[in-house]
$ cat query_4.txt   # compact mmCIF, C-alpha atoms and all ligand atoms
# COMPACT_ATOMS: atom_id res chain seq x y z
CA MET A 155 48.08 -85.66 -2.42
CA GLU A 156 47.45 -88.54 -4.82
CA THR A 157 47.65 -92.29 -4.59
CA THR A 158 51.30 -93.12 -3.88
CA ASN A 159 51.42 -96.80 -4.76
CA GLU A 160 49.07 -99.55 -5.75
CA THR A 161 50.12 -102.22 -3.27
CA MET A 162 46.56 -102.60 -1.94
CA LYS A 163 44.85 -102.37 -5.35
CA GLY A 164 41.97 -104.85 -5.52
CA ARG A 165 41.97 -105.39 -1.75
CA VAL A 166 38.65 -104.61 -0.07
CA CYS A 167 39.07 -103.08 3.41
CA LEU A 168 36.32 -102.40 5.93
CA ILE A 169 37.36 -99.91 8.62
CA THR A 170 35.22 -99.13 11.66
CA GLY A 171 35.39 -95.76 13.38
CA ALA A 172 36.78 -94.26 10.19
CA THR A 173 35.31 -90.79 10.63
CA ALA A 174 37.87 -89.59 13.17
CA GLY A 175 41.27 -90.19 14.70
CA ILE A 176 43.28 -93.33 14.01
CA GLY A 177 40.65 -95.03 11.84
CA ARG A 178 40.23 -91.99 9.61
CA GLU A 179 43.96 -91.67 9.14
CA ALA A 180 44.30 -95.41 8.42
CA ALA A 181 41.62 -94.93 5.75
CA PHE A 182 43.64 -92.15 4.10
CA GLN A 183 46.80 -94.24 4.12
CA LEU A 184 45.12 -97.36 2.71
CA ALA A 185 43.36 -95.23 0.08
CA ARG A 186 46.76 -93.95 -1.05
CA MET A 187 47.80 -97.58 -1.51
CA GLY A 188 44.87 -98.08 -3.89
CA ALA A 189 42.62 -100.18 -1.62
CA THR A 190 38.87 -100.35 -2.09
CA LEU A 191 37.52 -98.88 1.13
CA VAL A 192 34.28 -99.22 3.01
CA LEU A 193 34.16 -96.88 5.99
CA ALA A 194 31.83 -97.69 8.85
CA GLY A 195 30.66 -94.73 10.90
CA ARG A 196 27.75 -93.85 13.16
CA ASN A 197 27.05 -90.40 11.71
CA GLU A 198 26.05 -90.10 8.05
CA GLU A 199 27.22 -86.52 7.60
CA ARG A 200 30.67 -87.32 8.96
CA CYS A 201 30.80 -90.39 6.69
CA VAL A 202 29.88 -88.35 3.61
CA ASN A 203 32.47 -85.69 4.43
CA THR A 204 35.22 -88.21 5.15
CA VAL A 205 34.59 -90.15 1.95
CA ALA A 206 34.61 -86.92 -0.11
CA LEU A 207 37.85 -85.74 1.48
CA ILE A 208 39.60 -89.07 0.98
CA LYS A 209 38.57 -89.20 -2.67
CA GLU A 210 39.67 -85.63 -3.24
CA GLN A 211 43.00 -85.89 -1.43
CA THR A 212 44.09 -89.36 -2.55
CA GLY A 213 42.60 -89.60 -6.06
CA ASN A 214 41.14 -92.99 -5.08
CA ALA A 215 37.49 -93.15 -6.16
CA SER A 216 36.82 -96.59 -4.63
CA VAL A 217 35.69 -95.30 -1.25
CA GLU A 218 32.21 -95.71 0.19
CA TYR A 219 30.55 -95.82 3.59
CA LEU A 220 28.02 -97.68 5.69
CA VAL A 221 26.27 -96.15 8.68
CA ALA A 222 25.68 -98.03 11.93
CA ASP A 223 25.87 -97.52 15.66
CA LEU A 224 28.34 -100.32 16.31
CA SER A 225 27.45 -100.51 19.98
CA VAL A 226 24.03 -101.91 19.00
CA GLN A 227 24.10 -105.55 17.93
CA SER A 228 21.19 -105.34 15.48
CA GLU A 229 22.95 -102.46 13.73
CA VAL A 230 26.24 -104.34 13.53
CA LYS A 231 24.44 -107.34 12.05
CA ARG A 232 22.61 -105.11 9.54
CA LEU A 233 25.87 -103.43 8.55
CA ALA A 234 27.50 -106.81 7.95
CA GLN A 235 24.59 -107.87 5.75
CA GLU A 236 24.67 -104.59 3.82
CA PHE A 237 28.40 -105.03 3.30
CA GLN A 238 27.87 -108.59 2.01
CA SER A 239 25.09 -107.50 -0.35
CA ARG A 240 27.45 -104.97 -1.93
CA HIS A 241 30.77 -106.83 -1.81
CA GLY A 242 31.57 -110.45 -2.44
CA GLN A 243 35.01 -110.09 -0.93
CA LEU A 244 36.65 -108.73 2.20
CA HIS A 245 40.42 -108.80 2.52
CA VAL A 246 40.96 -106.57 5.56
CA LEU A 247 38.64 -105.99 8.50
CA LEU A 248 40.04 -103.22 10.68
CA ASN A 249 38.13 -103.21 13.98
CA ASN A 250 38.98 -99.79 15.35
CA ALA A 251 35.88 -97.98 16.67
CA GLY A 252 36.23 -97.51 20.41
CA VAL A 253 35.26 -95.21 23.23
CA ILE A 254 35.91 -94.54 26.88
CA ASN A 255 32.90 -93.59 28.98
CA LEU A 256 33.78 -92.13 32.35
CA GLN A 257 30.15 -92.56 33.47
CA ARG A 258 28.40 -95.90 33.15
CA MET A 259 25.89 -95.91 30.27
CA GLU A 260 23.80 -98.62 28.68
CA ASN A 261 22.92 -98.90 25.01
CA ALA A 262 19.55 -99.69 23.43
CA ASP A 263 20.16 -103.41 24.14
CA GLY A 264 20.62 -102.66 27.85
CA ILE A 265 24.32 -103.52 27.65
CA GLU A 266 27.04 -101.38 29.20
CA MET A 267 28.28 -99.13 26.42
CA THR A 268 32.07 -99.62 26.59
CA PHE A 269 31.77 -103.41 26.61
CA ALA A 270 29.07 -103.20 23.91
CA LEU A 271 31.10 -101.14 21.45
CA ASN A 272 34.73 -101.95 22.24
CA HIS A 273 34.37 -105.71 22.65
CA LEU A 274 30.99 -106.91 21.35
CA GLY A 275 31.19 -104.56 18.35
CA TYR A 276 34.42 -106.27 17.22
CA PHE A 277 33.10 -109.71 18.12
CA VAL A 278 29.78 -109.49 16.26
CA LEU A 279 31.11 -107.78 13.14
CA THR A 280 33.98 -110.24 12.81
CA LEU A 281 31.85 -113.35 13.28
CA MET A 282 29.21 -112.06 10.87
CA LEU A 283 31.87 -111.47 8.20
CA LEU A 284 33.97 -114.56 8.81
CA ASP A 285 32.66 -116.55 5.83
CA THR A 286 33.34 -113.63 3.51
CA LEU A 287 36.86 -113.25 4.92
CA LYS A 288 37.55 -116.96 4.53
CA ALA A 289 36.25 -116.91 0.95
CA SER A 290 38.57 -113.96 0.23
CA ALA A 291 41.70 -115.52 1.76
CA PRO A 292 44.41 -114.46 2.14
CA ALA A 293 42.62 -112.01 4.41
CA ARG A 294 43.40 -110.19 7.63
CA ILE A 295 41.57 -109.06 10.74
CA VAL A 296 43.21 -106.24 12.67
CA ASN A 297 41.93 -105.44 16.16
CA VAL A 298 42.89 -102.10 17.67
CA SER A 299 43.48 -102.68 21.37
CA SER A 300 45.60 -100.70 23.81
CA ASP A 301 48.41 -101.03 26.33
CA ALA A 302 45.72 -99.86 28.76
CA HIS A 303 44.88 -103.58 29.02
CA ARG A 304 47.89 -104.13 31.27
CA GLY A 305 47.56 -104.79 34.99
CA ILE A 306 43.89 -105.72 34.93
CA SER A 307 41.80 -108.92 34.81
CA LEU A 308 38.33 -109.72 33.53
CA ASN A 309 35.57 -110.38 36.03
CA LEU A 310 33.51 -113.01 34.24
CA ASP A 311 30.71 -112.63 36.78
CA ASP A 312 30.37 -108.93 36.03
CA LEU A 313 31.55 -108.17 32.50
CA GLN A 314 29.38 -105.06 32.35
CA GLY A 315 30.42 -103.32 35.56
CA ARG A 316 27.01 -103.60 37.22
CA SER A 317 28.42 -103.90 40.72
CA GLY A 318 30.79 -100.97 40.52
CA TYR A 319 31.93 -99.02 37.49
CA GLY A 320 35.03 -97.02 36.74
CA GLY A 321 35.51 -95.57 33.25
CA PHE A 322 39.20 -96.42 32.95
CA GLY A 323 38.70 -99.90 34.39
CA ALA A 324 35.86 -100.64 31.95
CA TYR A 325 37.95 -99.35 29.06
CA SER A 326 41.03 -101.36 30.10
CA ARG A 327 38.97 -104.54 30.43
CA SER A 328 37.41 -104.00 26.99
CA LYS A 329 40.91 -103.69 25.51
CA LEU A 330 42.00 -106.86 27.34
CA ALA A 331 38.92 -108.52 25.82
CA ASN A 332 40.12 -107.39 22.35
CA ILE A 333 43.39 -109.27 22.86
CA MET A 334 41.78 -112.41 24.31
CA PHE A 335 39.33 -112.41 21.39
CA THR A 336 42.25 -112.05 18.96
CA TYR A 337 44.16 -114.99 20.44
CA GLN A 338 41.09 -117.24 20.56
CA LEU A 339 40.07 -116.34 17.03
CA ALA A 340 43.59 -116.93 15.69
CA ALA A 341 43.50 -120.46 17.09
CA ARG A 342 40.11 -121.09 15.48
CA LEU A 343 41.25 -119.66 12.14
CA ALA A 344 44.49 -121.64 11.90
CA GLY A 345 44.95 -122.91 8.35
CA SER A 346 42.07 -120.83 6.95
CA GLY A 347 44.23 -118.19 5.26
CA VAL A 348 42.69 -115.53 7.52
CA THR A 349 45.03 -113.96 10.06
CA VAL A 350 44.11 -111.91 13.11
CA ASN A 351 46.35 -109.68 15.18
CA ALA A 352 45.87 -107.02 17.84
CA LEU A 353 47.78 -103.81 18.39
CA HIS A 354 48.49 -100.83 20.59
CA PRO A 355 48.63 -97.66 18.48
CA GLY A 356 50.53 -95.60 21.06
CA LEU A 357 49.26 -92.44 22.72
CA VAL A 358 47.58 -90.55 19.89
CA ALA A 359 46.10 -87.04 19.81
CA THR A 360 42.55 -87.77 18.61
CA ASN A 361 38.94 -87.07 19.59
CA PHE A 362 39.21 -89.88 22.12
CA LEU A 363 37.59 -88.99 25.49
CA SER A 364 35.18 -86.54 23.86
CA GLY A 365 31.63 -86.79 25.20
CA ASN A 366 32.92 -87.00 28.78
CA GLY A 367 32.15 -83.48 29.99
CA ILE A 368 34.72 -81.24 31.61
CA ARG A 369 36.88 -84.14 32.85
CA GLY A 370 37.03 -85.50 29.31
CA LYS A 371 38.02 -82.07 28.00
CA PHE A 372 40.86 -81.86 30.50
CA LEU A 373 42.11 -85.36 29.60
CA ARG A 374 41.86 -84.58 25.89
CA PHE A 375 44.03 -81.52 26.44
CA PHE A 376 46.65 -83.88 27.90
CA LEU A 377 46.22 -86.21 24.93
CA ALA A 378 46.68 -83.31 22.50
CA LEU A 379 49.81 -82.26 24.37
CA LYS A 380 51.46 -85.66 24.76
CA GLY A 381 49.98 -87.74 21.96
CA MET A 382 51.55 -88.40 18.57
CA SER A 383 49.81 -87.32 15.39
CA PRO A 384 47.03 -89.58 14.03
CA GLU A 385 49.26 -90.12 10.97
CA ARG A 386 51.88 -91.83 13.10
CA GLY A 387 49.21 -93.38 15.35
CA ALA A 388 47.72 -95.21 12.38
CA GLY A 389 51.10 -96.74 11.50
CA THR A 390 50.74 -100.12 13.20
CA SER A 391 47.13 -100.56 12.00
CA VAL A 392 48.18 -99.89 8.41
CA PHE A 393 51.26 -102.11 8.78
CA LEU A 394 49.14 -105.04 9.95
CA ALA A 395 46.52 -104.38 7.26
CA SER A 396 48.94 -104.17 4.37
CA SER A 397 52.52 -105.29 4.94
CA PRO A 398 53.77 -108.45 3.20
CA ASP A 399 55.97 -108.95 6.28
CA VAL A 400 52.93 -110.10 8.28
CA GLU A 401 51.11 -111.93 5.50
CA ALA A 402 51.16 -115.22 7.44
CA VAL A 403 51.53 -113.90 10.98
CA SER A 404 48.55 -114.46 13.26
CA GLY A 405 47.65 -114.36 16.93
CA LEU A 406 50.12 -111.73 18.06
CA TYR A 407 50.03 -108.34 19.76
CA PHE A 408 51.93 -105.52 18.07
CA VAL A 409 53.38 -102.27 19.34
CA LYS A 410 55.23 -99.92 16.95
CA SER A 411 54.75 -102.49 14.17
CA GLN A 412 56.69 -105.11 16.15
CA PRO A 413 55.36 -108.16 17.99
CA ALA A 414 55.29 -107.53 21.73
CA PRO A 415 54.18 -109.55 24.74
CA SER A 416 50.75 -108.57 26.02
CA SER A 417 49.90 -108.78 29.72
CA PRO A 418 50.14 -112.15 31.55
CA GLN A 419 46.35 -112.04 32.07
CA SER A 420 45.77 -111.84 28.30
CA TYR A 421 47.23 -115.36 27.88
CA ASP A 422 44.73 -116.89 30.33
CA GLU A 423 43.10 -119.38 27.98
CA GLU A 424 40.32 -120.46 30.35
CA THR A 425 39.14 -116.90 30.84
CA ALA A 426 39.42 -116.21 27.11
CA LYS A 427 37.26 -119.24 26.30
CA ALA A 428 34.71 -118.23 28.92
CA LEU A 429 34.62 -114.71 27.49
CA TRP A 430 34.02 -116.19 24.03
CA GLN A 431 31.11 -118.30 25.30
CA ALA A 432 29.62 -115.36 27.23
CA SER A 433 29.92 -113.17 24.13
CA LEU A 434 28.22 -115.80 21.98
CA GLN A 435 25.36 -115.97 24.45
CA ILE A 436 24.88 -112.21 24.77
CA THR A 437 24.98 -111.71 21.01
CA GLU A 438 22.92 -114.79 20.12
CA LEU A 439 25.54 -115.89 17.62
CA ALA A 440 25.94 -119.38 19.00
CA ASP A 441 25.67 -120.95 15.54
CA LEU A 442 28.83 -119.22 14.38
CA MET A 443 32.00 -120.99 15.50
CA PRO A 444 30.49 -122.27 18.75
CA LEU A 445 32.90 -125.08 19.55
CA PRO A 446 36.00 -124.65 21.64
CA THR A 447 39.07 -125.47 19.59
CA ASP A 448 41.72 -127.96 20.53
CA SER A 449 44.35 -125.96 18.67
CA PRO A 450 47.08 -124.59 20.88
CA LEU A 451 46.31 -121.09 22.04
CA HIS A 452 47.76 -118.42 19.83
CA GLY A 453 49.12 -115.32 21.40
CA ALA A 454 52.32 -117.14 22.14
CA GLN A 455 54.89 -114.85 23.62
CA PRO A 456 56.79 -113.42 20.65
CA ASP A 457 60.53 -113.97 20.43
CA GLU A 458 62.58 -111.23 21.98
CA PRO A 459 62.81 -108.42 19.40
N1 LIG A 501 43.98 -92.22 21.04
C1 LIG A 501 44.76 -93.00 21.77
O1 LIG A 501 45.71 -92.54 22.44
C2 LIG A 501 44.53 -94.49 21.80
C3 LIG A 501 45.43 -95.28 22.53
C4 LIG A 501 45.25 -96.66 22.57
C5 LIG A 501 44.20 -97.24 21.86
N2 LIG A 501 43.33 -96.44 21.15
C6 LIG A 501 42.24 -97.11 20.42
O2 LIG A 501 42.18 -96.61 19.09
C7 LIG A 501 40.86 -96.77 18.57
C8 LIG A 501 40.46 -95.47 17.88
O3 LIG A 501 40.44 -94.43 18.82
P1 LIG A 501 40.77 -92.91 18.45
O4 LIG A 501 41.79 -92.45 19.39
O5 LIG A 501 40.99 -92.76 16.99
O6 LIG A 501 39.38 -92.24 18.90
P2 LIG A 501 38.42 -91.18 18.19
O7 LIG A 501 39.19 -90.10 17.54
O8 LIG A 501 37.43 -90.82 19.24
O9 LIG A 501 37.70 -92.04 17.05
C9 LIG A 501 36.81 -93.06 17.39
C10 LIG A 501 36.01 -93.47 16.17
O10 LIG A 501 35.03 -94.44 16.58
C11 LIG A 501 33.75 -93.99 16.17
N3 LIG A 501 32.69 -94.42 17.07
C12 LIG A 501 32.52 -94.10 18.38
N4 LIG A 501 31.41 -94.67 18.86
C13 LIG A 501 30.85 -95.35 17.82
C14 LIG A 501 29.68 -96.11 17.68
N5 LIG A 501 28.82 -96.31 18.71
N6 LIG A 501 29.40 -96.67 16.48
C15 LIG A 501 30.24 -96.47 15.43
N7 LIG A 501 31.36 -95.75 15.50
C16 LIG A 501 31.66 -95.19 16.69
C17 LIG A 501 33.85 -92.47 16.15
O11 LIG A 501 32.82 -91.92 15.36
P3 LIG A 501 32.48 -90.34 15.38
O12 LIG A 501 33.45 -89.72 14.40
O13 LIG A 501 31.09 -90.31 14.93
O14 LIG A 501 32.68 -89.86 16.78
C18 LIG A 501 35.24 -92.31 15.55
O15 LIG A 501 35.20 -92.46 14.16
C19 LIG A 501 39.98 -97.14 19.76
O16 LIG A 501 39.70 -98.52 19.69
C20 LIG A 501 40.85 -96.84 20.99
O17 LIG A 501 40.57 -97.70 22.06
C21 LIG A 501 43.48 -95.09 21.11

$ encode --input "query_4.txt" --output "structure tokens" --more "lines below"
Ligand SMILES: NC(=O)c1ccc[n+]([C@@H]2O[C@H](COP(=O)([O-])OP(=O)(O)OC[C@H]3O[C@@H](n4cnc5c(N)ncnc54)[C@H](OP(=O)(O)O)[C@@H]3O)[C@@H](O)[C@H]2O)c1
Amino acid sequence: METTNETMKGRVCLITGATAGIGREAAFQLARMGATLVLAGRNEERCVNTVALIKEQTGNASVEYLVADLSVQSEVKRLAQEFQSRHGQLHVLLNNAGVINLQRMENADGIEMTFALNHLGYFVLTLMLLDTLKASAPARIVNVSSDAHRGISLNLDDLQGRSGYGGFGAYSRSKLANIMFTYQLAARLAGSGVTVNALHPGLVATNFLSGNGIRGKFLRFFLALKGMSPERGAGTSVFLASSPDVEAVSGLYFVKSQPAPSSPQSYDEETAKALWQASLQITELADLMPLPTDSPLHGAQPDEP
């Protein structure tokens, strides 16, 4: 299939976790709209293959990749610098790479892996690229979260599950962190021309849960049975990345391309600010946007659809 329209022509999009699942499909869809794509993946061979396939199937030649393990802060920072050395502009940052680890694991930084990739990965990459996004305004940040964030709170004294770990709990908290980060960032970016929204893609049949042994295999079978196709699953990500309807919309949570209320806990501004400060400390990014904002918290409950 070839490029279907040129609505994203000249727009530079960086997509994380673009070698599989929802991120890969979002890359195909944005390529068909003529976007210039930079795919971020952890495995070079999968990056090469994905880029080749997208070019071949969409006719869009403006697709390249950068390799980094996004759970490791030094790699995220290096990737951001490599991106900036190649591109002066960034119009869409799609933070999508995410995992669920049923067993507790730590990365090379000694940080629990789910928190490191799903939350700190988004946090570090976004803050590192904020100046480029602002200079490219209008620009958008899209954070892939999940409805799994519902019914759970953050424990600020134990963000990394040291005193008791459950895979689903750690995943749900990381997805709650995505939403709190989105709302805090939207408040800080008010008036900058850069929007930021979070989303739930729905239940999608992807590689999610791989790398979790026999239990993961069983759960993936369920996902394959019940989940929608990645094509449909990428819909809300692509909508937020490209639609003129949300050009000026910021600080909301979307489900099925519509604003939706997130959990009551996700609107807890004190916890969100504390998470921001803790994340700044862990990532040693205190010089970037360190001050709490006085702007009203975004993430206001959307009007009834
Ligand atoms: N699937 C669902 O039902 C569902 C529901 C709600 C929310 N989500 C969210 O959707 C997002 C995408 O998930 P998916 O279902 O598309 O999963 P997926 O098929 O497993 O794809 C995940 C992507 O992230 C990449 N990735 C994993 N660890 C990485 C690391 N350390 N560094 C860099 N990249 C890494 C993977 O790379 P490799 O190709 O190298 O493995 C892959 O490209 C996640 O944020 C997830 O929380 C999914």

$ residues_near_ligand --input "query_4.txt" --ligand "ligand LIG 501 (chain A)" --cutoff "8 Å" --atoms "all atoms listed in the file" --output "JSON, numbers by chain"
{"A": [170, 171, 172, 173, 174, 175, 176, 177, 178, 194, 195, 196, 197, 200, 221, 222, 223, 224, 225, 226, 249, 250, 251, 252, 253, 254, 271, 272, 298, 299, 300, 301, 302, 325, 329, 354, 355, 356, 357, 358, 359, 360, 361, 362, 363, 364, 377, 381, 384, 387]}

$ residues_near_point --input "query_4.txt" --point "(56.0, -106.2, 16.7)" --cutoff "12 Å" --atoms "all atoms listed in the file" --output "PyMOL selection string"
chain A and resi 351-355+389-391+393-394+399-400+403-416+455-459

$ closest_residue --input "query_4.txt" --among "A:Gln338, A:Asn203, A:Ser346, A:Asn366" --to "Ala428 (chain A)" --atoms "only C-alpha atoms"
A:Gln338

$ atom_distance --input "query_4.txt" --atom1 "CA of Gln243 (chain A)" --atom2 "CA of Lys163 (chain A)"
13.3 Å

$ closest_residue --input "query_4.txt" --among "A:Leu193, A:Ile333, A:Ala432, A:Leu274" --to "Gln419 (chain A)" --atoms "all atoms listed in the file"
A:Ile333

$ closest_residue --input "query_4.txt" --among "A:Asn309, A:Ser420, A:Thr268, A:Asn261" --to "Thr336 (chain A)" --atoms "all atoms listed in the file"
A:Ser420

$ residues_around --input "query_4.txt" --residues "Glu401 (chain A)" --least-positions-apart "2" --cutoff "10 Å" --atoms "all atoms listed in the file" --output "NGL selection string"
:A and (292-294 or 347-349 or 394-399 or 403-404)

$ write_last_selection --input "query_4.txt" --atoms "C-alpha atoms" --output "mmCIF file, in the coordinates of the input"
data_model
loop_
_atom_site.group_PDB
_atom_site.id
_atom_site.type_symbol
_atom_site.label_atom_id
_atom_site.label_comp_id
_atom_site.auth_asym_id
_atom_site.auth_seq_id
_atom_site.Cartn_x
_atom_site.Cartn_y
_atom_site.Cartn_z
ATOM 1 C CA PRO A 292 44.410 -114.460 2.140
ATOM 2 C CA ALA A 293 42.620 -112.010 4.410
ATOM 3 C CA ARG A 294 43.400 -110.190 7.630
ATOM 4 C CA GLY A 347 44.230 -118.190 5.260
ATOM 5 C CA VAL A 348 42.690 -115.530 7.520
ATOM 6 C CA THR A 349 45.030 -113.960 10.060
ATOM 7 C CA LEU A 394 49.140 -105.040 9.950
ATOM 8 C CA ALA A 395 46.520 -104.380 7.260
ATOM 9 C CA SER A 396 48.940 -104.170 4.370
ATOM 10 C CA SER A 397 52.520 -105.290 4.940
ATOM 11 C CA PRO A 398 53.770 -108.450 3.200
ATOM 12 C CA ASP A 399 55.970 -108.950 6.280
ATOM 13 C CA VAL A 403 51.530 -113.900 10.980
ATOM 14 C CA SER A 404 48.550 -114.460 13.260
#

$ atom_distance --input "query_4.txt" --atom1 "CA of Met162 (chain A)" --atom2 "CA of Val205 (chain A)"
17.7 Å

$ residues_around --input "query_4.txt" --residues "Gly315 (chain A)" --least-positions-apart "3" --cutoff "9 Å" --atoms "all atoms listed in the file" --output "JSON list (two decimals) with C-alpha atoms, in the frame of the given file"
[["chain", "number", "residue", "atom", "x", "y", "z"],
["A", 258, "ARG", "CA", 28.40, -95.90, 33.15],
["A", 266, "GLU", "CA", 27.04, -101.38, 29.20],
["A", 309, "ASN", "CA", 35.57, -110.38, 36.03],
["A", 312, "ASP", "CA", 30.37, -108.93, 36.03],
["A", 318, "GLY", "CA", 30.79, -100.97, 40.52],
["A", 319, "TYR", "CA", 31.93, -99.02, 37.49],
["A", 320, "GLY", "CA", 35.03, -97.02, 36.74],
["A", 324, "ALA", "CA", 35.86, -100.64, 31.95]]

$ atom_distance --input "query_4.txt" --atom1 "CA of Met334 (chain A)" --atom2 "CA of Ala189 (chain A)"
28.7 Å

$ closest_residue --input "query_4.txt" --among "A:Val192, A:Met282, A:Leu233, A:Met259" --to "Ala440 (chain A)" --atoms "only C-alpha atoms"
A:Met282

$ residues_around --input "query_4.txt" --residues "Gly321 (chain A)" --least-positions-apart "2" --cutoff "6 Å" --atoms "only C-alpha atoms" --output "PyMOL selection string"
chain A and resi 255-256+323-324

$ closest_residue --input "query_4.txt" --among "A:Ala206, A:Leu442, A:Val392, A:Ile306" --to "Leu283 (chain A)" --atoms "all atoms listed in the file"
A:Leu442

$ axis_aligned_box --input "query_4.txt" --around "region 414-431 of chain A" --padding-each-side "4 Å" --output "lines of an AutoDock Vina configuration file"
center_x = 43.2
center_y = -114.0
center_z = 26.9
size_x = 32.2
size_y = 20.9
size_z = 18.3

$ closest_residue --input "query_4.txt" --among "A:Ile169, A:Leu248, A:Leu379, A:Ala180" --to "Leu220 (chain A)" --atoms "all atoms listed in the file"
A:Ile169
